[in-house]
>>> print(open('coords-v7.cif').read())   # mmCIF, C-alpha atoms
data_protein
loop_
_atom_site.label_atom_id
_atom_site.label_comp_id
_atom_site.auth_asym_id
_atom_site.auth_seq_id
_atom_site.Cartn_x
_atom_site.Cartn_y
_atom_site.Cartn_z
CA MET H 29 0.00 0.00 0.00
CA ILE H 30 0.91 3.66 -0.24
CA VAL H 31 2.12 4.90 3.13
CA GLY H 32 1.85 8.53 4.10
CA GLU H 33 1.43 10.74 7.11
CA GLN H 34 -0.64 13.80 7.73
CA LYS H 35 1.11 17.11 7.28
CA PRO H 36 1.88 19.11 10.42
CA PHE H 37 -1.20 20.92 11.64
CA ALA H 38 0.42 24.34 11.26
CA GLU H 39 1.01 23.68 7.57
CA ILE H 40 -2.54 22.48 7.04
CA LYS H 41 -3.92 25.48 8.88
CA LYS H 42 -1.94 27.79 6.62
CA LEU H 43 -3.26 26.00 3.53
CA VAL H 44 -6.92 26.26 4.52
CA TRP H 45 -6.81 29.67 6.17
CA PRO H 46 -8.17 31.64 3.17
CA TYR H 47 -11.38 29.61 2.99
CA GLU H 48 -14.66 29.68 4.87
CA ARG H 49 -16.25 26.53 3.47
CA LEU H 50 -13.95 23.54 3.40
CA LEU H 51 -14.43 19.91 2.44
CA ILE H 52 -12.02 17.47 4.05
CA LEU H 53 -11.97 14.50 1.73
CA GLY H 54 -10.65 11.24 3.13
CA CYS H 55 -9.57 8.16 1.24
CA GLY H 56 -10.70 4.78 2.52
CA THR H 57 -7.91 2.61 1.18
CA CYS H 58 -4.14 2.99 1.74
CA VAL H 59 -4.01 6.16 3.83
CA LYS H 60 -6.83 4.90 6.01
CA THR H 61 -4.76 1.83 6.85
CA CYS H 62 -1.77 3.96 7.83
CA PHE H 63 -3.91 6.35 9.92
CA ALA H 64 -3.34 9.38 7.70
CA GLY H 65 -6.59 9.94 5.86
CA GLY H 66 -9.50 7.66 6.76
CA GLU H 67 -12.77 8.60 8.46
CA ASP H 68 -11.19 8.94 11.89
CA GLU H 69 -8.40 11.20 10.69
CA VAL H 70 -10.88 13.32 8.73
CA ALA H 71 -12.98 13.78 11.87
CA VAL H 72 -10.01 14.70 14.04
CA LEU H 73 -8.65 17.16 11.52
CA ALA H 74 -12.07 18.74 10.99
CA SER H 75 -12.44 19.25 14.71
CA ALA H 76 -8.91 20.65 15.00
CA ILE H 77 -9.51 23.10 12.16
CA ARG H 78 -12.80 24.25 13.67
CA LEU H 79 -11.09 24.81 17.02
CA ALA H 80 -8.19 26.70 15.44
CA PHE H 81 -10.54 28.96 13.50
CA LYS H 82 -12.84 29.50 16.48
CA LYS H 83 -9.83 30.50 18.53
CA GLU H 84 -9.09 33.24 16.01
CA ARG H 85 -12.82 34.08 15.75
CA LYS H 86 -12.68 33.33 12.05
CA PRO H 87 -15.74 31.65 10.53
CA ILE H 88 -15.30 28.22 9.03
CA SER H 89 -17.64 25.49 7.89
CA VAL H 90 -16.00 22.10 7.57
CA GLU H 91 -17.69 19.24 5.76
CA GLU H 92 -16.34 15.72 6.18
CA LEU H 93 -16.45 12.97 3.61
CA THR H 94 -14.45 9.83 2.99
CA ILE H 95 -14.71 7.96 -0.29
CA GLU H 96 -13.48 4.49 -1.09
CA ARG H 97 -10.52 5.60 -3.21
CA GLN H 98 -9.47 9.00 -4.49
CA CYS H 99 -7.30 7.53 -7.22
CA GLU H 100 -10.32 6.21 -9.16
CA ASN H 101 -12.60 8.50 -11.03
CA GLY H 102 -15.53 6.15 -10.45
CA PHE H 103 -15.31 6.73 -6.70
CA ILE H 104 -14.47 10.44 -6.93
CA GLY H 105 -17.86 11.11 -8.50
CA ALA H 106 -19.53 10.41 -5.15
CA SER H 107 -17.90 13.54 -3.75
CA ALA H 108 -19.24 15.91 -6.43
CA PRO H 109 -22.20 17.31 -4.40
CA SER H 110 -19.95 17.96 -1.40
CA VAL H 111 -17.28 19.57 -3.55
CA ALA H 112 -19.89 21.86 -5.09
CA ARG H 113 -20.91 23.14 -1.64
CA ASN H 114 -17.41 24.20 -0.64
CA GLN H 115 -14.70 26.66 -1.61
CA ALA H 116 -11.77 24.24 -1.32
CA VAL H 117 -11.03 20.57 -0.87
CA LEU H 118 -8.42 19.36 1.59
CA SER H 119 -7.56 15.91 0.33
CA LEU H 120 -6.18 13.38 2.77
CA ALA H 121 -5.19 10.99 0.00
CA CYS H 122 -1.76 10.20 -1.40
CA GLY H 123 -0.39 12.47 -4.11
CA ALA H 124 -2.10 10.38 -6.78
CA GLY H 125 -5.46 10.86 -5.13
CA VAL H 126 -4.99 14.60 -4.76
CA GLN H 127 -4.18 14.92 -8.45
CA ALA H 128 -7.05 12.70 -9.53
CA VAL H 129 -9.50 14.82 -7.54
CA ALA H 130 -7.97 18.04 -8.88
CA ARG H 131 -8.30 16.70 -12.43
CA ARG H 132 -11.96 15.88 -11.88
CA PHE H 133 -12.85 19.26 -10.34
CA ALA H 134 -11.05 21.90 -12.36
CA ASN H 135 -12.62 24.97 -10.72
CA ILE H 136 -11.88 24.37 -7.06
CA PRO H 137 -8.55 24.30 -5.22
CA VAL H 138 -7.59 20.80 -4.10
CA LEU H 139 -5.05 20.99 -1.28
CA PRO H 140 -2.83 18.16 -0.02
CA GLY H 141 -3.16 17.25 3.64
CA VAL H 142 -0.87 14.23 3.55
CA ASN H 143 2.81 13.80 2.79
CA THR H 144 3.03 10.65 0.69
CA GLY H 145 5.91 8.45 1.79
CA PHE H 146 6.45 5.09 0.17
CA ILE H 147 5.11 1.73 -0.94
CA GLY H 148 5.22 -0.35 2.19
CA VAL H 149 3.72 -2.96 4.44
CA LEU H 150 2.19 -2.97 7.88
CA GLU H 151 4.97 -4.76 9.71
CA LYS H 152 3.13 -4.66 13.01
CA GLN H 153 0.42 -2.49 14.51
CA GLY H 154 1.55 1.10 14.05
CA LEU H 155 4.75 0.30 12.16
CA PHE H 156 4.96 0.66 8.39
CA THR H 157 8.11 -0.17 6.47
CA GLU H 158 9.19 0.59 2.92
CA GLU H 159 9.47 -2.52 0.79
CA CYS H 160 9.13 -1.53 -2.85
CA SER H 161 10.54 1.27 -4.99
CA GLY H 162 8.38 0.62 -8.02
CA CYS H 163 11.45 0.11 -10.18
CA GLY H 164 9.45 -1.60 -12.90
CA ASN H 165 11.71 -4.63 -13.11
CA CYS H 166 11.07 -6.92 -10.16
CA ARG H 167 13.91 -9.29 -9.25
CA LEU H 168 12.60 -10.54 -5.95
CA ALA H 169 12.69 -14.15 -7.17
CA VAL H 170 16.49 -13.98 -7.29
CA PHE H 171 16.88 -12.29 -3.91
CA GLY H 172 14.62 -14.56 -1.90
CA GLY H 173 11.81 -12.04 -1.63
CA VAL H 174 13.93 -9.24 -0.15
CA CYS H 175 14.41 -6.19 -2.36
CA PRO H 176 17.96 -4.80 -2.31
CA ILE H 177 16.95 -1.78 -4.37
CA THR H 178 14.55 -0.62 -1.67
CA ARG H 179 15.97 -2.08 1.48
CA CYS H 180 19.69 -1.66 0.90
CA ALA H 181 20.71 1.95 1.42
CA LYS H 182 23.27 1.58 -1.38
CA LYS H 183 20.94 -0.33 -3.74
CA LEU H 184 23.59 -2.99 -4.26
CA LEU H 185 22.64 -5.93 -6.47
CA ASN H 186 25.88 -7.92 -6.46
CA GLY H 187 26.44 -8.66 -2.80
CA PRO H 188 26.83 -6.82 0.48
CA CYS H 189 28.99 -3.76 0.95
CA GLY H 190 30.84 -5.14 3.95
CA GLY H 191 29.80 -2.33 6.22
CA SER H 192 27.02 -4.04 8.12
CA ARG H 193 27.44 -4.84 11.81
CA SER H 194 25.50 -7.56 13.61
CA GLY H 195 23.03 -7.71 10.76
CA LYS H 196 22.35 -3.97 10.81
CA CYS H 197 22.99 -1.37 8.13
CA GLU H 198 25.97 0.94 8.59
CA VAL H 199 23.90 3.83 7.23
CA ASN H 200 21.21 3.36 9.87
CA PRO H 201 21.84 0.91 12.72
CA GLU H 202 18.10 0.61 13.28
CA THR H 203 17.65 -0.88 9.81
CA ASP H 204 18.26 -4.51 9.05
CA CYS H 205 20.99 -5.09 6.47
CA ALA H 206 19.07 -6.16 3.36
CA TRP H 207 21.94 -8.36 2.24
CA GLN H 208 22.00 -10.16 5.58
CA LEU H 209 18.30 -10.84 5.11
CA ILE H 210 18.84 -11.97 1.53
CA ILE H 211 21.61 -14.40 2.45
CA ASP H 212 19.70 -15.75 5.45
CA ARG H 213 16.61 -16.26 3.35
CA LEU H 214 18.40 -17.87 0.41
CA THR H 215 20.29 -20.14 2.81
CA ALA H 216 17.01 -21.26 4.33
CA LEU H 217 15.60 -21.86 0.86
CA GLY H 218 18.73 -23.68 -0.34
CA GLN H 219 19.08 -21.14 -3.13
CA LEU H 220 22.38 -19.44 -2.34
CA ASP H 221 23.49 -20.25 -5.86
CA ASN H 222 21.16 -17.46 -6.98
CA LEU H 223 23.91 -15.07 -5.94
CA LYS H 224 26.27 -16.37 -8.62
CA ALA H 225 24.26 -14.37 -11.12
CA TYR H 226 25.86 -11.07 -12.08
CA PHE H 227 23.73 -7.96 -12.45
CA PRO H 228 25.15 -5.34 -14.81
CA PRO H 229 24.57 -1.66 -14.07
CA THR H 230 20.85 -1.11 -13.81
CA ASP H 231 18.86 0.47 -16.57
CA TRP H 232 16.63 2.72 -14.50
CA ARG H 233 14.39 3.62 -17.42
CA SER H 234 11.86 1.02 -16.31
CA GLY H 235 11.46 3.11 -13.16
CA SER H 236 10.72 6.78 -12.70
CA ALA H 237 13.95 7.94 -14.38
CA ARG H 238 12.22 8.12 -17.73
CA GLY H 239 9.50 10.45 -16.49
CA PRO H 240 5.95 9.58 -15.54
CA ARG H 241 4.97 6.07 -16.50
CA LYS H 242 1.79 4.68 -17.96
CA LEU H 243 0.29 1.24 -17.91
CA PHE H 244 -2.12 0.55 -20.73
CA ARG H 245 -4.25 -2.57 -20.65
CA GLU H 246 -5.75 -2.74 -24.09
CA ASP H 247 -7.94 -5.69 -23.12
CA HIS H 248 -9.75 -3.53 -20.58
CA VAL H 249 -10.44 -0.64 -22.93
CA ILE H 250 -13.72 -0.53 -24.82
CA MET S 72 -14.29 38.46 33.16
CA ASP S 73 -15.14 35.79 35.67
CA TRP S 74 -16.61 32.67 34.24
CA ILE S 75 -17.77 29.24 35.30
CA PRO S 76 -15.17 26.66 34.35
CA ARG S 77 -16.49 23.68 32.43
CA VAL S 78 -14.91 20.29 32.92
CA THR S 79 -15.78 17.23 30.89
CA ILE S 80 -14.81 13.92 32.36
CA PHE S 81 -14.67 10.75 30.30
CA HIS S 82 -14.57 7.83 32.67
CA CYS S 83 -14.29 4.12 32.44
CA ILE S 84 -17.19 2.67 34.42
CA ASN S 85 -14.77 0.28 36.09
CA SER S 86 -12.85 3.16 37.61
CA LEU S 87 -15.91 5.23 38.47
CA GLU S 88 -19.47 3.95 38.31
CA ASP S 89 -21.23 7.30 38.23
CA ILE S 90 -20.01 10.82 38.82
CA GLU S 91 -23.22 11.62 40.68
CA SER S 92 -21.97 9.53 43.58
CA LEU S 93 -19.10 11.93 44.23
CA ASN S 94 -19.32 14.28 47.17
CA ILE S 95 -17.79 17.52 45.99
CA ASN S 96 -17.60 20.60 48.16
CA ILE S 97 -15.99 23.61 46.63
CA ASP S 98 -16.24 27.32 47.27
CA TYR S 99 -16.55 28.35 43.68
CA PRO S 100 -18.88 27.11 40.95
CA PHE S 101 -17.97 24.96 38.04
CA GLU S 102 -19.83 22.80 35.62
CA ILE S 103 -19.05 19.18 35.01
CA ARG S 104 -20.18 16.89 32.27
CA SER S 105 -19.56 13.19 32.26
CA VAL S 106 -19.32 10.61 29.55
CA LYS S 107 -19.32 7.00 30.64
CA MET S 108 -17.29 4.47 28.73
CA PRO S 109 -17.22 0.70 29.13
CA CYS S 110 -13.42 1.00 28.95
CA SER S 111 -11.03 3.92 28.58
CA GLY S 112 -9.81 2.14 25.44
CA MET S 113 -12.85 3.69 23.75
CA THR S 114 -11.18 7.08 24.04
CA LYS S 115 -10.68 8.58 20.63
CA GLU S 116 -8.98 11.83 19.78
CA VAL S 117 -12.07 13.16 18.07
CA TYR S 118 -14.21 12.75 21.20
CA LEU S 119 -11.68 14.75 23.20
CA LEU S 120 -11.49 17.52 20.61
CA LYS S 121 -15.25 17.66 20.30
CA ALA S 122 -15.54 18.13 24.03
CA PHE S 123 -13.43 21.27 23.62
CA GLU S 124 -15.54 22.30 20.64
CA ALA S 125 -18.60 21.93 22.87
CA GLY S 126 -17.08 24.45 25.26
CA ALA S 127 -15.09 22.44 27.79
CA ASP S 128 -12.31 24.36 29.47
CA ALA S 129 -10.68 21.13 30.62
CA VAL S 130 -11.12 17.47 29.80
CA ILE S 131 -10.18 14.57 32.05
CA VAL S 132 -10.01 10.92 31.05
CA LEU S 133 -10.30 8.71 34.09
CA MET S 134 -8.99 5.20 33.67
CA CYS S 135 -7.90 2.16 35.62
CA PRO S 136 -4.24 1.83 36.60
CA GLU S 137 -1.94 0.12 34.14
CA GLY S 138 -2.16 -3.64 34.51
CA GLU S 139 -5.71 -3.49 35.87
CA CYS S 140 -7.70 -2.87 32.70
CA ARG S 141 -10.36 -5.52 32.20
CA PHE S 142 -9.66 -5.32 28.50
CA VAL S 143 -5.93 -5.69 29.21
CA GLU S 144 -4.58 -2.71 27.30
CA GLY S 145 -7.47 -0.26 26.93
CA ASN S 146 -5.92 2.24 29.34
CA ILE S 147 -2.53 2.00 27.62
CA ARG S 148 -4.11 2.77 24.27
CA ALA S 149 -6.13 5.60 25.82
CA ARG S 150 -3.04 7.21 27.31
CA LYS S 151 -1.23 7.18 23.97
CA ARG S 152 -4.20 8.77 22.20
CA ILE S 153 -4.49 11.39 24.91
CA GLU S 154 -0.81 12.28 24.53
CA ARG S 155 -1.33 12.72 20.81
CA ALA S 156 -4.40 14.86 21.40
CA ARG S 157 -2.46 17.01 23.88
CA ARG S 158 0.19 17.70 21.25
CA LEU S 159 -2.50 18.60 18.75
CA LEU S 160 -4.15 20.96 21.23
CA ASP S 161 -0.79 22.67 21.69
CA GLU S 162 -0.48 23.04 17.92
CA ILE S 163 -3.98 24.45 17.72
CA GLY S 164 -3.04 26.91 20.43
CA ILE S 165 -5.49 25.97 23.15
CA GLN S 166 -2.99 24.38 25.55
CA GLY S 167 -2.58 20.63 25.83
CA ASP S 168 -2.48 21.03 29.61
CA ARG S 169 -6.25 21.34 29.48
CA LEU S 170 -6.42 17.62 28.73
CA SER S 171 -5.31 15.14 31.33
CA ALA S 172 -5.23 11.39 31.81
CA VAL S 173 -5.70 10.09 35.31
CA SER S 174 -5.31 6.51 36.54
CA LEU S 175 -6.98 5.69 39.82
CA GLU S 176 -7.93 2.56 41.67
CA PRO S 177 -11.65 1.77 41.46
CA GLY S 178 -13.63 2.97 44.44
CA ASN S 179 -11.17 5.69 45.33
CA GLU S 180 -13.79 8.40 45.20
CA ALA S 181 -12.06 10.79 47.57
CA GLU S 182 -9.02 10.85 45.31
CA ILE S 183 -11.23 11.37 42.26
CA VAL S 184 -12.79 14.40 43.94
CA GLN S 185 -9.34 15.77 44.75
CA MET S 186 -8.27 15.23 41.15
CA ILE S 187 -11.33 17.10 39.86
CA LEU S 188 -10.69 19.96 42.25
CA ARG S 189 -7.05 20.16 41.18
CA THR S 190 -8.18 20.27 37.57
CA VAL S 191 -10.67 23.04 38.26
CA ALA S 192 -7.99 25.02 40.09
CA ALA S 193 -5.60 24.54 37.19
CA VAL S 194 -8.14 25.59 34.60
CA ARG S 195 -8.96 28.70 36.61
CA GLU S 196 -5.29 29.59 36.20
CA LEU S 197 -5.35 28.85 32.48
CA GLY S 198 -8.54 30.80 31.88
CA PRO S 199 -11.40 29.99 29.51
CA ASN S 200 -10.97 27.73 26.51
CA PRO S 201 -9.95 30.27 23.85
CA ALA S 202 -11.81 28.32 21.17
CA ALA S 203 -15.08 28.08 23.06
CA ASP S 204 -18.06 29.52 21.31
CA PRO S 205 -19.07 32.54 23.44
CA ALA S 206 -22.71 31.66 22.93
CA SER S 207 -22.24 28.22 24.45
CA ALA S 208 -20.05 29.30 27.34
CA ALA S 209 -21.35 28.86 30.84
CA GLY S 210 -21.27 32.61 31.17
CA PRO S 211 -20.05 35.07 33.74
CA ILE S 212 -21.23 35.06 37.31
CA THR S 213 -23.21 38.11 38.23
CA GLU S 214 -24.49 39.40 41.54
CA ASN S 215 -27.98 38.43 40.49
CA SER S 216 -26.97 35.02 39.37
CA ASP S 217 -29.18 32.20 40.54
CA GLN S 218 -26.16 29.96 40.68
CA ASP S 219 -25.40 28.56 44.08
CA GLN S 220 -21.71 29.21 44.16
CA HIS S 221 -21.12 26.38 46.60
CA SER S 222 -22.86 23.75 44.61
CA LEU S 223 -21.80 21.59 41.75
CA THR S 224 -23.71 22.11 38.56
CA PHE S 225 -24.49 18.89 36.76
CA ALA S 226 -25.34 20.62 33.54
CA GLU S 227 -25.65 17.47 31.52
CA LYS S 228 -25.11 13.91 32.34
CA THR S 229 -25.14 11.02 29.96
CA ASP S 230 -27.26 7.96 30.35
CA ASP S 231 -25.64 4.65 30.87
CA CYS S 232 -23.46 3.74 27.92
CA ARG S 233 -22.66 0.19 28.78
CA ARG S 234 -24.18 -1.22 25.64
CA ALA S 235 -21.26 -2.78 23.88
CA LYS S 236 -20.89 -0.96 20.61
CA THR S 237 -17.84 0.21 18.81
CA VAL S 238 -19.02 3.73 19.34
CA CYS S 239 -21.64 4.37 21.93
CA GLY S 240 -24.56 6.04 20.20
CA ASN S 241 -25.33 8.09 23.25
CA GLN S 242 -21.80 9.39 23.37
CA LYS S 243 -21.92 10.31 19.73
CA THR S 244 -25.08 12.29 20.18
CA ARG S 245 -23.75 13.96 23.26
CA MET S 246 -20.57 15.06 21.62
CA ALA S 247 -22.08 16.17 18.32
CA VAL S 248 -21.45 19.82 17.58
#
>>> encode(input="coords-v7.cif", output="structure tokens")
Amino acid sequence: MIVGEQKPFAEIKKLVWPYERLLILGCGTCVKTCFAGGEDEVAVLASAIRLAFKKERKPISVEELTIERQCENGFIGASAPSVARNQAVLSLACGAGVQAVARRFANIPVLPGVNTGFIGVLEKQGLFTEECSGCGNCRLAVFGGVCPITRCAKKLLNGPCGGSRSGKCEVNPETDCAWQLIIDRLTALGQLDNLKAYFPPTDWRSGSARGPRKLFREDHVI
Amino acid sequence: MDWIPRVTIFHCINSLEDIESLNINIDYPFEIRSVKMPCSGMTKEVYLLKAFEAGADAVIVLMCPEGECRFVEGNIRARKRIERARRLLDEIGIQGDRLSAVSLEPGNEAEIVQMILRTVAAVRELGPNPAADPASAAGPITENSDQDQHSLTFAEKTDDCRRAKTVCGNQKTRMAV
């Protein structure tokens, strides 16, 4: 899922300050799971904004709505009546959701309330970790299901750097060394021979280096 | 301007059955509202913020001591949410000190009374909630006021909320702004 966190309240307050009728639009998928933009977070932020405006004796009307996904036009449509009633939309979706909503409603400011972080997993309750860089050329089969591009600070594909200590990364001692994990995992799988393969310098064009990417599924287009 | 401090107390029914049973004697008036919870683990940030929106000058969450929660970790979760809400209140500019978490042994009513009185004293120092709607405030005390300044004003009190629901409907209604 996409992992993000809500912007600092002071920044959000500054973004919404010019408006008197505000829609806070939550997203019920990824950012809900990471406690950044689901129904609960929308309610808390709405209350906080009302309190901050009341404190300054500045009028504000805050409408709350959470839709299933802001990155799909089919779901965004459900917010149209609410958007029409307000002067601005504060989107608590990831950057993709904010842009999709802005594209749908051309005549109203759509403001980001979340800083989008990474593609990650819920490792345990309250802890989200980055696991995928969206490089467009997945090699997890070789590395025993541990991605060195994302989880190794140096993005090394041909073995460890030699700087790890007790299984921890020399860049950040709180991070597991990806190569330690890879070797442990391949040992357990009996697939250490995978590491005999040589990876030439990476062609990053399958990732974001070539500019924004598109995926076109002709079989789904009428 | 003098004003009547408003305190909202969210309490786990295992730490305090009913606020009406408390014997509070104080030489200045204040208003107290209570919200019963089956466990302090039901505490959510939005309930706390909405209490301030509704005009509370201080909010207390009363919970069982750590290790004594019937739901094992409800009070631990509550305390973490309260800490987060306190930081948010500071960011909003209405002082996180207005929100407090208190752990007390069940049946310790005298200590609960002392805790409420300490909170009222503290909020008198802090002054009124700066985000309170003037129209909903308890209002200044005047010479002609009918308020008995030695009595406790139970302005509103919730009904029993023991029905096990994710969110108590009564609580929701009570806190709606």
>>> closest_atom_pairs(input="coords-v7.cif", of="chain S", to="chain H", cutoff="7 Å", atoms="only C-alpha atoms", output="JSON lines")
{"residue": "S:Glu116", "atom": "CA", "partner": "H:Val72", "partner_atom": "CA", "distance": 6.5}
{"residue": "S:Val117", "atom": "CA", "partner": "H:Val72", "partner_atom": "CA", "distance": 4.8}
{"residue": "S:Leu120", "atom": "CA", "partner": "H:Ser75", "partner_atom": "CA", "distance": 6.2}
{"residue": "S:Lys121", "atom": "CA", "partner": "H:Ser75", "partner_atom": "CA", "distance": 6.5}
{"residue": "S:Glu124", "atom": "CA", "partner": "H:Leu79", "partner_atom": "CA", "distance": 6.3}
{"residue": "S:Glu162", "atom": "CA", "partner": "H:Phe37", "partner_atom": "CA", "distance": 6.7}
{"residue": "S:Ile163", "atom": "CA", "partner": "H:Ala80", "partner_atom": "CA", "distance": 5.3}
{"residue": "S:Pro201", "atom": "CA", "partner": "H:Lys83", "partner_atom": "CA", "distance": 5.3}
{"residue": "S:Ala202", "atom": "CA", "partner": "H:Lys83", "partner_atom": "CA", "distance": 4.0}
>>> residues_around(input="coords-v7.cif", residues="segment 164-171 of chain S", least_positions_apart="3", cutoff="8 Å", atoms="only C-alpha atoms", output="list of chain:residue names")
H:Ala80, H:Lys83, S:Asp128, S:Ala129, S:Val130, S:Ile131, S:Val132, S:Ile153, S:Ala156, S:Arg157, S:Arg158, S:Leu159, S:Leu160, S:Asp161, S:Val194, S:Asn200, S:Pro201, S:Ala202
>>> residues_around(input="coords-v7.cif", residues="segment 74-82 of chain S", least_positions_apart="3", cutoff="8 Å", atoms="only C-alpha atoms", output="NGL selection string")
:S and (86-87 or 100-108 or 110-111 or 122 or 126-134 or 191 or 194-195 or 199 or 209-212)
>>> closest_residue(input="coords-v7.cif", among="H:Lys60, H:Arg49, H:Arg113, H:Lys183", to="Glu33 of chain H", atoms="all atoms listed in the file")
H:Lys60
>>> resolve_selection(input="coords-v7.cif", expression="the PyMOL selection byres ((chain H and resi 168) around 12)", output="PyMOL selection string")
chain H and resi 159-160+163-167+169-179+185+210+213-214+222
>>> residues_around(input="coords-v7.cif", residues="Cys140 of chain S", least_positions_apart="3", cutoff="12 Å", atoms="all atoms listed in the file", output="JSON, numbers by chain")
{"S": [83, 84, 85, 86, 109, 110, 111, 112, 133, 134, 135, 136, 137, 143, 144, 145, 146, 147, 148, 149, 174, 175, 176, 177]}
>>> resolve_selection(input="coords-v7.cif", expression="the PyMOL selection byres ((chain H and resi 192) around 10)", output="MDAnalysis selection string")
chainID H and resid 188:191 193:201 204:208
>>> write_last_selection(input="coords-v7.cif", atoms="C-alpha atoms", output="mmCIF file, in the coordinates of the input")
data_model
loop_
_atom_site.group_PDB
_atom_site.id
_atom_site.type_symbol
_atom_site.label_atom_id
_atom_site.label_comp_id
_atom_site.auth_asym_id
_atom_site.auth_seq_id
_atom_site.Cartn_x
_atom_site.Cartn_y
_atom_site.Cartn_z
ATOM 1 C CA PRO H 188 26.830 -6.820 0.480
ATOM 2 C CA CYS H 189 28.990 -3.760 0.950
ATOM 3 C CA GLY H 190 30.840 -5.140 3.950
ATOM 4 C CA GLY H 191 29.800 -2.330 6.220
ATOM 5 C CA ARG H 193 27.440 -4.840 11.810
ATOM 6 C CA SER H 194 25.500 -7.560 13.610
ATOM 7 C CA GLY H 195 23.030 -7.710 10.760
ATOM 8 C CA LYS H 196 22.350 -3.970 10.810
ATOM 9 C CA CYS H 197 22.990 -1.370 8.130
ATOM 10 C CA GLU H 198 25.970 0.940 8.590
ATOM 11 C CA VAL H 199 23.900 3.830 7.230
ATOM 12 C CA ASN H 200 21.210 3.360 9.870
ATOM 13 C CA PRO H 201 21.840 0.910 12.720
ATOM 14 C CA ASP H 204 18.260 -4.510 9.050
ATOM 15 C CA CYS H 205 20.990 -5.090 6.470
ATOM 16 C CA ALA H 206 19.070 -6.160 3.360
ATOM 17 C CA TRP H 207 21.940 -8.360 2.240
ATOM 18 C CA GLN H 208 22.000 -10.160 5.580
#
>>> resolve_selection(input="coords-v7.cif", expression="the PyMOL selection byres ((chain H and resi 95) around 7)", output="list in words")
Gly54, Cys55, Gly56, Leu93, Thr94, Glu96, Arg97, Gln98 and Phe103 of chain H
>>> closest_residue(input="coords-v7.cif", among="H:Phe227, H:Glu91, H:Val31, H:Leu43", to="Val138 of chain H", atoms="all atoms listed in the file")
H:Leu43
>>> atom_distance(input="coords-v7.cif", atom1="atom CA of Glu151 of chain H", atom2="atom CA of Cys180 of chain H")
17.4 Å
>>> closest_residue(input="coords-v7.cif", among="H:Gly141, H:Gly123, H:Gly102, H:Gly32", to="Leu53 of chain H", atoms="only C-alpha atoms")
H:Gly141
>>> atom_distance(input="coords-v7.cif", atom1="atom CA of Glu202 of chain H", atom2="atom CA of Thr61 of chain H")
23.8 Å
>>> closest_residue(input="coords-v7.cif", among="S:Arg189, S:Phe142, S:Ala172, S:Ala125", to="Glu154 of chain S", atoms="all atoms listed in the file")
S:Ala172
>>> atom_distance(input="coords-v7.cif", atom1="atom CA of Pro87 of chain H", atom2="atom CA of Ser119 of chain H")
20.5 Å
>>> closest_residue(input="coords-v7.cif", among="S:Asp204, S:Tyr118, S:Gln185, S:Gly198", to="Asp73 of chain S", atoms="only C-alpha atoms")
S:Gly198
>>> closest_residue(input="coords-v7.cif", among="H:Ala116, H:Cys99, H:Ala64, H:Met29", to="Glu48 of chain H", atoms="only C-alpha atoms")
H:Ala116
>>> build_atoms(input="coords-v7.cif", residues="segment 146-156 of chain S", atoms="N, CA and C atoms", output="mmCIF file, in the coordinates of the input")
data_model
loop_
_atom_site.group_PDB
_atom_site.id
_atom_site.type_symbol
_atom_site.label_atom_id
_atom_site.label_comp_id
_atom_site.auth_asym_id
_atom_site.auth_seq_id
_atom_site.Cartn_x
_atom_site.Cartn_y
_atom_site.Cartn_z
ATOM 1 N N ASN S 146 -6.442 1.012 28.729
ATOM 2 C CA ASN S 146 -5.920 2.240 29.340
ATOM 3 C C ASN S 146 -4.585 2.652 28.723
ATOM 4 N N ILE S 147 -3.816 1.666 28.258
ATOM 5 C CA ILE S 147 -2.530 2.000 27.620
ATOM 6 C C ILE S 147 -2.797 2.696 26.289
ATOM 7 N N ARG S 148 -3.746 2.146 25.548
ATOM 8 C CA ARG S 148 -4.110 2.770 24.270
ATOM 9 C C ARG S 148 -4.665 4.183 24.511
ATOM 10 N N ALA S 149 -5.518 4.299 25.524
ATOM 11 C CA ALA S 149 -6.130 5.600 25.820
ATOM 12 C C ALA S 149 -5.049 6.639 26.104
ATOM 13 N N ARG S 150 -4.080 6.254 26.911
ATOM 14 C CA ARG S 150 -3.040 7.210 27.310
ATOM 15 C C ARG S 150 -2.246 7.683 26.093
ATOM 16 N N LYS S 151 -1.972 6.791 25.169
ATOM 17 C CA LYS S 151 -1.230 7.180 23.970
ATOM 18 C C LYS S 151 -2.054 8.153 23.112
ATOM 19 N N ARG S 152 -3.348 7.870 22.996
ATOM 20 C CA ARG S 152 -4.200 8.770 22.200
ATOM 21 C C ARG S 152 -4.325 10.137 22.870
ATOM 22 N N ILE S 153 -4.380 10.122 24.179
ATOM 23 C CA ILE S 153 -4.490 11.390 24.910
ATOM 24 C C ILE S 153 -3.217 12.219 24.708
ATOM 25 N N GLU S 154 -2.080 11.564 24.751
ATOM 26 C CA GLU S 154 -0.810 12.280 24.530
ATOM 27 C C GLU S 154 -0.800 12.918 23.145
ATOM 28 N N ARG S 155 -1.277 12.183 22.172
ATOM 29 C CA ARG S 155 -1.330 12.720 20.810
ATOM 30 C C ARG S 155 -2.284 13.915 20.733
ATOM 31 N N ALA S 156 -3.422 13.766 21.399
ATOM 32 C CA ALA S 156 -4.400 14.860 21.400
ATOM 33 C C ALA S 156 -3.842 16.093 22.111
#
